[in-house]
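So the structure is just underneath, and the comments pick up after that.
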Amino acid sequence: MSDIQTWYKQVPMFTRLWLSATVGISLLSRFGILPPQYLILQSYPLFKQLQLWRPMTAVFFYPLNPATGFHFMLNCFFLYNYSLRLETEQFKQKPGDYFYLLFFNWILCVLIGLLIELPILMDPMVLSVLYVWCKLNKDVIVNFWFGTRFKAMYLPWVLLGMNLIL
């Protein structure tokens with residue numbers, strides 16, 4: 001148990017909070033403690049009923065069931081991996097700048113989600129952070145499934161293709 005605590009405490013602050021909120025809210029919804037219909041982004045309840053938590057919970061919530069479990073695990077892996085890399089490499093001495101990046105990406109995800117009626121924002125938010133990392137490290141070689149190797153600048157497009165296939 002102390003190994004898990006040690007690992008958890010070593011994860012940088014924003015990555016730890018984001019991953020914890022994502023896993024926590026998704027599991028609470030899966031076990032029926034939080035109703036999913038109150039966690040998704042919908043314009044009518046947000047503006048007419050002033051359910052102001054919806055933009056935040058839509059980023060952290062992912063509907064867990066046997067069909068979506070693998071996709072959720074991949075999202076958590078990418079969230080942890082690329083948020084950690086950004087927070088410890090590019091934004092190492094600048095936590096305020098990393099928070100601003102996350103906040104700006106969140107605002108854009110919420111606005112686009114409202115425009116195209118996208119109720120769950122975990123995918124776009126994780127992909128936005130991954131995209132930023134790939135742009136800042138475009139010449140880094142990344143390993144993908146089955147030993148496939150390519151430059152980081154192609155990773156978002158490979159993931160888009162994988163999401164369309166899976």
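Lettering and numbering for the structure tokens are positional, with chains as A, B, ... in the shown order, residues counted from 1 in each chain, and ligands counted from 1 in the shown order.
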
Give the strand (DSSP E) residues of chain A, as DSSP finds them on the backbone, and put them as a PyMOL selection string. chain A and resi 141-143+149-151

Got time to write the residues from that selection, C-alpha atoms, as a compact mmCIF listing (two decimals), in the first residue's frame?
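Writing the result to again.txt gives the following:
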# COMPACT_ATOMS: atom_id res chain seq x y z
CA ILE A 141 9.88 9.12 -31.54
CA VAL A 142 6.94 7.53 -29.73
CA ASN A 143 6.15 3.85 -29.38
CA ARG A 149 7.28 3.76 -33.91
CA PHE A 150 6.73 7.19 -35.43
CA LYS A 151 7.27 10.87 -34.72

List the spatial neighbours of Cys134 of chain A as an mmCIF file with C-alpha atoms, in the first residue's frame - criterion: any atom at most 8 Å away, only C-alpha atoms, same-chain residues fewer than 5 positions off excluded.
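That gives us selection.cif:
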data_model
loop_
_atom_site.group_PDB
_atom_site.id
_atom_site.type_symbol
_atom_site.label_atom_id
_atom_site.label_comp_id
_atom_site.auth_asym_id
_atom_site.auth_seq_id
_atom_site.Cartn_x
_atom_site.Cartn_y
_atom_site.Cartn_z
ATOM 1 C CA ALA A 152 5.107 12.446 -32.029
ATOM 2 C CA MET A 153 3.639 14.899 -34.524
ATOM 3 C CA TYR A 154 1.664 12.009 -36.050
ATOM 4 C CA LEU A 155 0.314 10.607 -32.765
ATOM 5 C CA PRO A 156 -2.929 12.656 -32.623
#

Expressed in Å to a single decimal, how great is the separation between atom CA of Leu111 of chain A and atom CA of Pro55 of chain A?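 Computed distance, atom CA of Leu111 of chain A to atom CA of Pro55 of chain A, equals 9.3 Å.
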
Residues of segment 46-95 of chain A at most 10 Å from segment 120-131 of chain A: nearest atom pair and distance in Å, only C-alpha atoms, as JSON lines:
{"residue": "A:Arg54", "atom": "CA", "partner": "A:Ile120", "partner_atom": "CA", "distance": 9.9}
{"residue": "A:Pro55", "atom": "CA", "partner": "A:Leu121", "partner_atom": "CA", "distance": 8.5}
{"residue": "A:Met56", "atom": "CA", "partner": "A:Leu121", "partner_atom": "CA", "distance": 9.1}
{"residue": "A:Thr57", "atom": "CA", "partner": "A:Leu121", "partner_atom": "CA", "distance": 8.7}
{"residue": "A:Ala58", "atom": "CA", "partner": "A:Ile120", "partner_atom": "CA", "distance": 5.1}
{"residue": "A:Val59", "atom": "CA", "partner": "A:Leu121", "partner_atom": "CA", "distance": 4.5}
{"residue": "A:Phe60", "atom": "CA", "partner": "A:Met122", "partner_atom": "CA", "distance": 6.0}
{"residue": "A:Phe61", "atom": "CA", "partner": "A:Met122", "partner_atom": "CA", "distance": 6.6}
{"residue": "A:Tyr62", "atom": "CA", "partner": "A:Met122", "partner_atom": "CA", "distance": 6.6}
{"residue": "A:Pro63", "atom": "CA", "partner": "A:Ile120", "partner_atom": "CA", "distance": 8.6}
{"residue": "A:His71", "atom": "CA", "partner": "A:Asp123", "partner_atom": "CA", "distance": 9.5}
{"residue": "A:Phe72", "atom": "CA", "partner": "A:Asp123", "partner_atom": "CA", "distance": 9.1}
{"residue": "A:Asn75", "atom": "CA", "partner": "A:Val126", "partner_atom": "CA", "distance": 6.9}
{"residue": "A:Cys76", "atom": "CA", "partner": "A:Val126", "partner_atom": "CA", "distance": 8.4}
{"residue": "A:Phe77", "atom": "CA", "partner": "A:Val126", "partner_atom": "CA", "distance": 9.8}
{"residue": "A:Phe78", "atom": "CA", "partner": "A:Val126", "partner_atom": "CA", "distance": 6.9}
{"residue": "A:Leu79", "atom": "CA", "partner": "A:Val126", "partner_atom": "CA", "distance": 5.5}
{"residue": "A:Tyr80", "atom": "CA", "partner": "A:Val126", "partner_atom": "CA", "distance": 9.3}
{"residue": "A:Asn81", "atom": "CA", "partner": "A:Leu130", "partner_atom": "CA", "distance": 8.8}
{"residue": "A:Tyr82", "atom": "CA", "partner": "A:Leu130", "partner_atom": "CA", "distance": 5.7}
{"residue": "A:Ser83", "atom": "CA", "partner": "A:Val129", "partner_atom": "CA", "distance": 6.5}
{"residue": "A:Arg85", "atom": "CA", "partner": "A:Leu130", "partner_atom": "CA", "distance": 9.7}
{"residue": "A:Leu86", "atom": "CA", "partner": "A:Val129", "partner_atom": "CA", "distance": 8.2}

Using only C-alpha atoms, what does the table of segment 98-118 of chain A residues within 9 Å of segment 34-53 of chain A look like, with each row giving the shortest atom pair and its distance in Å to one decimal, sorted by chain and ascending number, as a Markdown table?
| residue | atom | partner | partner_atom | distance |
| --- | --- | --- | --- | --- |
| A:Val110 | CA | A:Leu41 | CA | 8.0 |
| A:Gly113 | CA | A:Leu41 | CA | 7.4 |
| A:Leu114 | CA | A:Ser43 | CA | 6.3 |
| A:Glu117 | CA | A:Gln42 | CA | 7.1 |
| A:Leu118 | CA | A:Leu41 | CA | 7.1 |

So that I have them on file, write out the residues from the current selection with C-alpha atoms, as a CSV table (one decimal), in the first residue's frame.
chain,number,residue,atom,x,y,z
A,110,VAL,CA,-16.9,23.5,-23.3
A,113,GLY,CA,-19.2,20.9,-26.8
A,114,LEU,CA,-22.1,23.3,-26.4
A,117,GLU,CA,-23.9,19.2,-28.5
A,118,LEU,CA,-21.1,16.9,-27.2
